[in-house]
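Asker: Below is the file upload.cif, which contains mmCIF, N, CA and C atoms.
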data_work
loop_
_atom_site.label_atom_id
_atom_site.label_comp_id
_atom_site.auth_asym_id
_atom_site.auth_seq_id
_atom_site.Cartn_x
_atom_site.Cartn_y
_atom_site.Cartn_z
N MET A 15 -26.37 -0.77 57.40
CA MET A 15 -27.58 -0.06 57.76
C MET A 15 -28.51 -1.04 58.48
N GLN A 16 -28.34 -1.24 59.73
CA GLN A 16 -29.19 -2.15 60.46
C GLN A 16 -30.57 -1.57 60.61
N GLY A 17 -31.56 -2.44 60.52
CA GLY A 17 -32.93 -2.02 60.72
C GLY A 17 -33.57 -1.31 59.56
N LEU A 18 -32.94 -1.28 58.41
CA LEU A 18 -33.52 -0.60 57.26
C LEU A 18 -34.56 -1.49 56.62
N ASP A 19 -35.75 -0.97 56.42
CA ASP A 19 -36.85 -1.72 55.83
C ASP A 19 -36.93 -1.35 54.35
N LEU A 20 -36.44 -2.23 53.48
CA LEU A 20 -36.47 -1.97 52.04
C LEU A 20 -37.80 -2.44 51.48
N GLN A 21 -38.53 -1.54 50.89
CA GLN A 21 -39.84 -1.85 50.33
C GLN A 21 -39.75 -1.90 48.81
N PRO A 22 -40.59 -2.73 48.18
CA PRO A 22 -40.62 -2.73 46.71
C PRO A 22 -40.93 -1.32 46.21
N SER A 23 -40.21 -0.89 45.23
CA SER A 23 -40.39 0.49 44.77
C SER A 23 -39.69 0.69 43.43
N ARG A 24 -39.41 1.96 43.14
CA ARG A 24 -38.67 2.35 41.95
C ARG A 24 -37.47 3.15 42.39
N GLY A 25 -36.37 2.99 41.66
CA GLY A 25 -35.18 3.75 42.00
C GLY A 25 -34.23 3.76 40.82
N PRO A 26 -33.32 4.74 40.81
CA PRO A 26 -32.35 4.78 39.72
C PRO A 26 -31.28 3.71 39.89
N ALA A 27 -30.94 3.09 38.80
CA ALA A 27 -29.89 2.07 38.80
C ALA A 27 -28.78 2.53 37.86
N GLY A 28 -27.55 2.43 38.32
CA GLY A 28 -26.39 2.72 37.49
C GLY A 28 -25.94 1.42 36.84
N ILE A 29 -26.10 1.33 35.53
CA ILE A 29 -25.86 0.07 34.84
C ILE A 29 -24.98 0.31 33.62
N PRO A 30 -23.90 -0.46 33.46
CA PRO A 30 -23.10 -0.33 32.25
C PRO A 30 -23.80 -1.06 31.10
N ILE A 31 -24.14 -0.35 30.05
CA ILE A 31 -24.72 -1.00 28.88
C ILE A 31 -23.83 -0.72 27.68
N GLY A 32 -24.20 -1.22 26.54
CA GLY A 32 -23.35 -1.18 25.35
C GLY A 32 -22.78 0.19 25.00
N ARG A 33 -23.48 1.24 25.35
CA ARG A 33 -23.03 2.59 25.00
C ARG A 33 -22.43 3.31 26.21
N GLY A 34 -21.95 2.56 27.20
CA GLY A 34 -21.34 3.16 28.39
C GLY A 34 -22.27 3.09 29.59
N HIS A 35 -21.84 3.69 30.67
CA HIS A 35 -22.58 3.67 31.92
C HIS A 35 -23.84 4.51 31.79
N ARG A 36 -24.98 3.97 32.24
CA ARG A 36 -26.26 4.67 32.17
C ARG A 36 -26.95 4.62 33.53
N SER A 37 -27.72 5.64 33.82
CA SER A 37 -28.57 5.65 35.01
C SER A 37 -30.01 5.61 34.52
N VAL A 38 -30.73 4.59 34.94
CA VAL A 38 -32.13 4.41 34.51
C VAL A 38 -32.98 4.13 35.74
N VAL A 39 -34.26 4.42 35.65
CA VAL A 39 -35.20 4.13 36.73
C VAL A 39 -35.80 2.76 36.48
N VAL A 40 -35.75 1.91 37.49
CA VAL A 40 -36.30 0.56 37.38
C VAL A 40 -37.19 0.28 38.59
N SER A 41 -38.15 -0.60 38.40
CA SER A 41 -38.92 -1.11 39.52
C SER A 41 -38.18 -2.31 40.08
N TYR A 42 -38.25 -2.49 41.39
CA TYR A 42 -37.54 -3.61 41.99
C TYR A 42 -38.37 -4.19 43.13
N ALA A 43 -38.00 -5.38 43.53
CA ALA A 43 -38.59 -6.04 44.69
C ALA A 43 -37.44 -6.57 45.54
N VAL A 44 -37.68 -6.73 46.81
CA VAL A 44 -36.68 -7.26 47.72
C VAL A 44 -37.13 -8.64 48.18
N ALA A 45 -36.24 -9.61 48.06
CA ALA A 45 -36.54 -10.98 48.50
C ALA A 45 -35.26 -11.60 49.04
N GLY A 46 -35.35 -12.13 50.25
CA GLY A 46 -34.16 -12.71 50.85
C GLY A 46 -33.08 -11.66 50.99
N ASP A 47 -31.88 -11.97 50.55
CA ASP A 47 -30.77 -11.02 50.62
C ASP A 47 -30.44 -10.45 49.25
N GLN A 48 -31.47 -10.33 48.39
CA GLN A 48 -31.26 -9.82 47.04
C GLN A 48 -32.33 -8.81 46.66
N ILE A 49 -31.94 -7.94 45.75
CA ILE A 49 -32.90 -7.06 45.09
C ILE A 49 -33.14 -7.65 43.72
N LEU A 50 -34.41 -7.77 43.35
CA LEU A 50 -34.78 -8.37 42.07
C LEU A 50 -35.39 -7.31 41.17
N VAL A 51 -35.00 -7.35 39.91
CA VAL A 51 -35.52 -6.42 38.90
C VAL A 51 -36.06 -7.26 37.75
N ARG A 52 -37.36 -7.12 37.45
CA ARG A 52 -37.96 -7.84 36.32
C ARG A 52 -38.07 -6.86 35.15
N LEU A 53 -37.51 -7.27 34.03
CA LEU A 53 -37.49 -6.43 32.83
C LEU A 53 -37.85 -7.26 31.61
N PRO A 54 -38.39 -6.61 30.57
CA PRO A 54 -38.65 -7.35 29.33
C PRO A 54 -37.33 -7.76 28.69
N ASP A 55 -37.35 -8.91 28.03
CA ASP A 55 -36.12 -9.43 27.42
C ASP A 55 -35.52 -8.51 26.37
N TYR A 56 -36.33 -7.63 25.78
CA TYR A 56 -35.79 -6.73 24.75
C TYR A 56 -35.03 -5.54 25.35
N ASN A 57 -35.05 -5.37 26.67
CA ASN A 57 -34.37 -4.26 27.32
C ASN A 57 -32.86 -4.49 27.32
N ASP A 58 -32.09 -3.46 26.98
CA ASP A 58 -30.62 -3.56 26.95
C ASP A 58 -30.04 -4.03 28.28
N ILE A 59 -30.67 -3.65 29.38
CA ILE A 59 -30.15 -4.00 30.70
C ILE A 59 -30.05 -5.52 30.87
N VAL A 60 -31.03 -6.24 30.34
CA VAL A 60 -31.04 -7.71 30.45
C VAL A 60 -29.81 -8.30 29.78
N HIS A 61 -29.32 -7.66 28.74
CA HIS A 61 -28.20 -8.20 27.97
C HIS A 61 -26.83 -7.75 28.47
N TYR A 62 -26.75 -6.54 29.06
CA TYR A 62 -25.45 -5.99 29.44
C TYR A 62 -25.16 -6.05 30.94
N ALA A 63 -26.16 -6.10 31.79
CA ALA A 63 -25.93 -6.05 33.24
C ALA A 63 -25.38 -7.35 33.84
N PRO A 64 -25.82 -8.54 33.39
CA PRO A 64 -25.30 -9.76 34.04
C PRO A 64 -23.77 -9.82 34.00
N GLY A 65 -23.19 -10.05 35.17
CA GLY A 65 -21.75 -10.10 35.30
C GLY A 65 -21.10 -8.75 35.55
N ALA A 66 -21.86 -7.67 35.45
CA ALA A 66 -21.32 -6.33 35.66
C ALA A 66 -21.68 -5.83 37.06
N GLU A 67 -20.86 -4.92 37.58
CA GLU A 67 -21.18 -4.28 38.85
C GLU A 67 -22.27 -3.24 38.62
N VAL A 68 -23.32 -3.34 39.41
CA VAL A 68 -24.50 -2.48 39.27
C VAL A 68 -24.77 -1.81 40.61
N SER A 69 -25.19 -0.55 40.57
CA SER A 69 -25.59 0.17 41.78
C SER A 69 -27.04 0.56 41.66
N LEU A 70 -27.76 0.46 42.78
CA LEU A 70 -29.17 0.82 42.82
C LEU A 70 -29.42 1.70 44.02
N ASP A 71 -29.99 2.89 43.80
CA ASP A 71 -30.38 3.77 44.90
C ASP A 71 -31.73 3.30 45.41
N VAL A 72 -31.80 3.02 46.71
CA VAL A 72 -33.01 2.47 47.31
C VAL A 72 -33.44 3.36 48.46
N ASP A 73 -34.70 3.81 48.44
CA ASP A 73 -35.24 4.57 49.56
C ASP A 73 -35.87 3.60 50.53
N GLY A 74 -35.77 3.91 51.81
CA GLY A 74 -36.34 3.05 52.84
C GLY A 74 -36.61 3.84 54.10
N ALA A 75 -36.98 3.13 55.15
CA ALA A 75 -37.26 3.77 56.43
C ALA A 75 -36.74 2.88 57.54
N THR A 76 -36.32 3.51 58.63
CA THR A 76 -35.88 2.77 59.80
C THR A 76 -37.06 2.59 60.74
N PRO A 77 -36.93 1.70 61.73
CA PRO A 77 -38.01 1.54 62.69
C PRO A 77 -38.37 2.86 63.40
N ALA A 78 -37.41 3.77 63.51
CA ALA A 78 -37.67 5.06 64.14
C ALA A 78 -38.37 6.02 63.17
N ALA A 79 -38.81 5.51 62.02
CA ALA A 79 -39.54 6.28 61.00
C ALA A 79 -38.70 7.36 60.35
N GLN A 80 -37.38 7.21 60.38
CA GLN A 80 -36.53 8.14 59.65
C GLN A 80 -36.39 7.65 58.22
N ARG A 81 -36.36 8.57 57.29
CA ARG A 81 -36.17 8.19 55.90
C ARG A 81 -34.68 8.08 55.62
N GLU A 82 -34.32 7.07 54.89
CA GLU A 82 -32.93 6.88 54.51
C GLU A 82 -32.86 6.45 53.06
N THR A 83 -31.75 6.76 52.44
CA THR A 83 -31.46 6.26 51.10
C THR A 83 -30.18 5.44 51.21
N VAL A 84 -30.21 4.30 50.58
CA VAL A 84 -29.01 3.48 50.54
C VAL A 84 -28.65 3.20 49.09
N ILE A 85 -27.39 2.97 48.87
CA ILE A 85 -26.92 2.57 47.55
C ILE A 85 -26.44 1.14 47.69
N VAL A 86 -27.09 0.25 46.96
CA VAL A 86 -26.75 -1.17 46.97
C VAL A 86 -25.90 -1.43 45.73
N THR A 87 -24.74 -2.02 45.93
CA THR A 87 -23.84 -2.33 44.82
C THR A 87 -23.51 -3.81 44.85
N GLY A 88 -23.54 -4.43 43.71
CA GLY A 88 -23.21 -5.83 43.60
C GLY A 88 -23.09 -6.25 42.15
N THR A 89 -22.74 -7.48 41.95
CA THR A 89 -22.63 -8.01 40.59
C THR A 89 -23.97 -8.61 40.19
N ALA A 90 -24.56 -8.08 39.14
CA ALA A 90 -25.87 -8.53 38.68
C ALA A 90 -25.75 -9.90 38.02
N ALA A 91 -26.81 -10.68 38.18
CA ALA A 91 -26.87 -12.00 37.54
C ALA A 91 -28.30 -12.26 37.11
N LEU A 92 -28.46 -12.96 36.01
CA LEU A 92 -29.80 -13.38 35.60
C LEU A 92 -30.25 -14.50 36.53
N ALA A 93 -31.50 -14.43 36.95
CA ALA A 93 -32.06 -15.46 37.83
C ALA A 93 -32.14 -16.77 37.05
N ASP A 94 -31.86 -17.85 37.75
CA ASP A 94 -32.04 -19.17 37.16
C ASP A 94 -33.06 -19.93 37.99
N SER A 95 -33.26 -21.18 37.70
CA SER A 95 -34.31 -21.95 38.39
C SER A 95 -34.08 -22.03 39.89
N GLY A 96 -32.84 -21.87 40.34
CA GLY A 96 -32.55 -21.89 41.77
C GLY A 96 -33.12 -20.70 42.51
N GLU A 97 -33.34 -19.60 41.80
CA GLU A 97 -33.91 -18.40 42.42
C GLU A 97 -35.44 -18.37 42.36
N ARG A 98 -36.05 -19.42 41.83
CA ARG A 98 -37.52 -19.45 41.69
C ARG A 98 -38.23 -19.15 43.00
N PRO A 99 -37.80 -19.74 44.15
CA PRO A 99 -38.49 -19.39 45.41
C PRO A 99 -38.41 -17.90 45.74
N LEU A 100 -37.26 -17.27 45.47
CA LEU A 100 -37.15 -15.82 45.71
C LEU A 100 -38.08 -15.04 44.80
N ILE A 101 -38.12 -15.43 43.54
CA ILE A 101 -38.98 -14.73 42.58
C ILE A 101 -40.44 -14.88 42.98
N ASP A 102 -40.83 -16.08 43.42
CA ASP A 102 -42.22 -16.32 43.80
C ASP A 102 -42.63 -15.50 45.02
N GLN A 103 -41.71 -15.21 45.94
CA GLN A 103 -42.07 -14.43 47.12
C GLN A 103 -41.92 -12.93 46.90
N ALA A 104 -41.31 -12.52 45.80
CA ALA A 104 -41.11 -11.09 45.53
C ALA A 104 -42.43 -10.42 45.16
N ALA A 105 -42.60 -9.22 45.67
CA ALA A 105 -43.80 -8.43 45.37
C ALA A 105 -43.42 -7.38 44.31
N PHE A 106 -43.37 -7.81 43.05
CA PHE A 106 -43.03 -6.89 41.98
C PHE A 106 -44.13 -5.86 41.81
N ALA A 107 -43.74 -4.60 41.63
CA ALA A 107 -44.71 -3.50 41.50
C ALA A 107 -45.37 -3.48 40.12
N GLU A 108 -44.72 -4.07 39.13
CA GLU A 108 -45.26 -4.05 37.76
C GLU A 108 -45.59 -5.46 37.30
N ASP A 109 -46.68 -5.56 36.57
CA ASP A 109 -47.03 -6.81 35.90
C ASP A 109 -46.82 -6.61 34.41
N TRP A 110 -46.21 -7.58 33.78
CA TRP A 110 -45.99 -7.52 32.34
C TRP A 110 -47.03 -8.39 31.64
N PRO A 111 -47.48 -7.98 30.45
CA PRO A 111 -48.44 -8.81 29.70
C PRO A 111 -47.87 -10.21 29.46
N ALA A 112 -48.75 -11.18 29.39
CA ALA A 112 -48.33 -12.58 29.23
C ALA A 112 -47.52 -12.80 27.96
N ASP A 113 -47.74 -12.00 26.92
CA ASP A 113 -47.02 -12.21 25.66
C ASP A 113 -45.67 -11.49 25.61
N VAL A 114 -45.28 -10.82 26.70
CA VAL A 114 -43.98 -10.16 26.76
C VAL A 114 -43.05 -11.02 27.63
N ARG A 115 -42.01 -11.56 27.01
CA ARG A 115 -41.05 -12.37 27.75
C ARG A 115 -40.22 -11.47 28.65
N THR A 116 -40.04 -11.89 29.90
CA THR A 116 -39.27 -11.10 30.85
C THR A 116 -38.16 -11.94 31.46
N SER A 117 -37.19 -11.24 32.00
CA SER A 117 -36.11 -11.87 32.76
C SER A 117 -36.00 -11.14 34.09
N VAL A 118 -35.46 -11.83 35.07
CA VAL A 118 -35.26 -11.24 36.39
C VAL A 118 -33.76 -11.16 36.66
N LEU A 119 -33.31 -9.94 36.98
CA LEU A 119 -31.93 -9.73 37.39
C LEU A 119 -31.87 -9.77 38.91
N CYS A 120 -30.86 -10.41 39.44
CA CYS A 120 -30.65 -10.49 40.88
C CYS A 120 -29.45 -9.63 41.24
N LEU A 121 -29.61 -8.80 42.24
CA LEU A 121 -28.52 -7.97 42.74
C LEU A 121 -28.34 -8.31 44.22
N PRO A 122 -27.28 -9.05 44.57
CA PRO A 122 -27.08 -9.41 45.97
C PRO A 122 -26.74 -8.17 46.80
N LEU A 123 -27.14 -8.20 48.05
CA LEU A 123 -26.88 -7.08 48.94
C LEU A 123 -25.46 -7.19 49.49
N ASN A 124 -24.48 -7.12 48.59
CA ASN A 124 -23.07 -7.24 48.99
C ASN A 124 -22.56 -5.98 49.67
N THR A 125 -22.78 -4.84 49.05
CA THR A 125 -22.32 -3.57 49.59
C THR A 125 -23.52 -2.65 49.73
N VAL A 126 -23.74 -2.17 50.94
CA VAL A 126 -24.84 -1.25 51.21
C VAL A 126 -24.27 -0.04 51.92
N GLU A 127 -24.40 1.12 51.29
CA GLU A 127 -23.96 2.38 51.89
C GLU A 127 -25.17 3.29 51.95
N GLY A 128 -25.25 4.14 52.95
CA GLY A 128 -26.44 4.97 53.02
C GLY A 128 -26.25 6.26 53.77
N PHE A 129 -27.33 7.03 53.75
CA PHE A 129 -27.35 8.30 54.46
C PHE A 129 -28.78 8.62 54.84
N GLU A 130 -28.92 9.40 55.88
CA GLU A 130 -30.22 9.80 56.38
C GLU A 130 -30.71 11.03 55.63
N LEU A 131 -31.98 11.05 55.30
CA LEU A 131 -32.57 12.20 54.63
C LEU A 131 -33.29 13.07 55.65
N PRO A 132 -33.15 14.38 55.56
CA PRO A 132 -33.87 15.25 56.49
C PRO A 132 -35.36 15.22 56.20
N ASP A 133 -36.16 15.40 57.25
CA ASP A 133 -37.61 15.45 57.04
C ASP A 133 -37.96 16.66 56.19
N PRO A 134 -38.97 16.50 55.32
CA PRO A 134 -39.34 17.64 54.45
C PRO A 134 -39.94 18.77 55.22
#
As structure tokens, how would this structure be written, given the file I've shared?
Answerer:
Amino acid sequence: MQGLDLQPSRGPAGIPIGRGHRSVVVSYAVAGDQILVRLPDYNDIVHYAPGAEVSLDVDGATPAAQRETVIVTGTAALADSGERPLIDQAAFAEDWPADVRTSVLCLPLNTVEGFELPDP
């Protein structure tokens, strides 16, 4: 999908967790060639997604102002100190209270499939 402008937003993510495959809505940010998801450490996704194939439905727009949805699929990984520059440049839509420990999952843009949405 050339020219797709991925904006920080919310979208459903297909994530395998302890009780099987689940679809949940998560907030995400785009930085570099990865999608980043910040979640509280108590969330099941933080424990089950790393190392698993994860899909995220992402809405975006092309320079021609057409709306498109893409599905990004990749192997999720917990961010480590090497991803600090990406995390610092990410515009996360949600702020977590200082007393809530969070982790950041990284989803590389390995596979991107999409389709155009008709105007409403």
Asker: Which polymer residues have any atom within 5 Å of an atom of segment 48-63 of chain A, counting only N, CA and C atoms, with same-chain residues fewer than 6 positions away left out, as a VMD selection string?
Answerer: chain A and resid 42 90 115 to 123
Asker: Check segment 71-116 of chain A with DSSP on the backbone and list each residue it calls strand (DSSP E), as an MDAnalysis selection string.
Answerer: chainID A and resid 71:75 81:89 91:92 116
Asker: Suppose you want the space between atom CA of Gly88 of chain A and atom CA of Ser37 of chain A; what is it in Å?
Answerer: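 So the two atoms, atom CA of Gly88 of chain A and atom CA of Ser37 of chain A, lie 15.3 Å apart.
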Asker: Report the distance between atom CA of Asp71 of chain A and atom CA of Pro99 of chain A in Å, rounded to one decimal place.
Answerer: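 Straight-line distance from atom CA of Asp71 of chain A to atom CA of Pro99 of chain A works out to 24.5 Å.
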Asker: Applied to the shown file, which residues does the PyMOL selection byres (((chain A and resi 66 and name CA) around 8) and name CA) return, written as a compact mmCIF listing (two decimals) with N, CA and C atoms, in the frame of the given file?
Answerer:
# COMPACT_ATOMS: atom_id res chain seq x y z
N ILE A 29 -26.10 1.33 35.53
CA ILE A 29 -25.86 0.07 34.84
C ILE A 29 -24.98 0.31 33.62
N PRO A 30 -23.90 -0.46 33.46
CA PRO A 30 -23.10 -0.33 32.25
C PRO A 30 -23.80 -1.06 31.10
N TYR A 62 -26.75 -6.54 29.06
CA TYR A 62 -25.45 -5.99 29.44
C TYR A 62 -25.16 -6.05 30.94
N ALA A 63 -26.16 -6.10 31.79
CA ALA A 63 -25.93 -6.05 33.24
C ALA A 63 -25.38 -7.35 33.84
N PRO A 64 -25.82 -8.54 33.39
CA PRO A 64 -25.30 -9.76 34.04
C PRO A 64 -23.77 -9.82 34.00
N GLY A 65 -23.19 -10.05 35.17
CA GLY A 65 -21.75 -10.10 35.30
C GLY A 65 -21.10 -8.75 35.55
N GLU A 67 -20.86 -4.92 37.58
CA GLU A 67 -21.18 -4.28 38.85
C GLU A 67 -22.27 -3.24 38.62
N VAL A 68 -23.32 -3.34 39.41
CA VAL A 68 -24.50 -2.48 39.27
C VAL A 68 -24.77 -1.81 40.61
N THR A 89 -22.74 -7.48 41.95
CA THR A 89 -22.63 -8.01 40.59
C THR A 89 -23.97 -8.61 40.19
N ALA A 90 -24.56 -8.08 39.14
CA ALA A 90 -25.87 -8.53 38.68
C ALA A 90 -25.75 -9.90 38.02
Asker: Which of these, A:Leu100, A:Ala107, A:Val72, A:Val86, has the shortest distance to Ser41 of chain A once you count only C-alpha atoms?
Answerer: A:Ala107
Asker: For a test of reading the model, state the distance in Å between atom C of Ala91 of chain A and atom N of Asn124 of chain A, rounded to one decimal.
Answerer: 13.1 Å
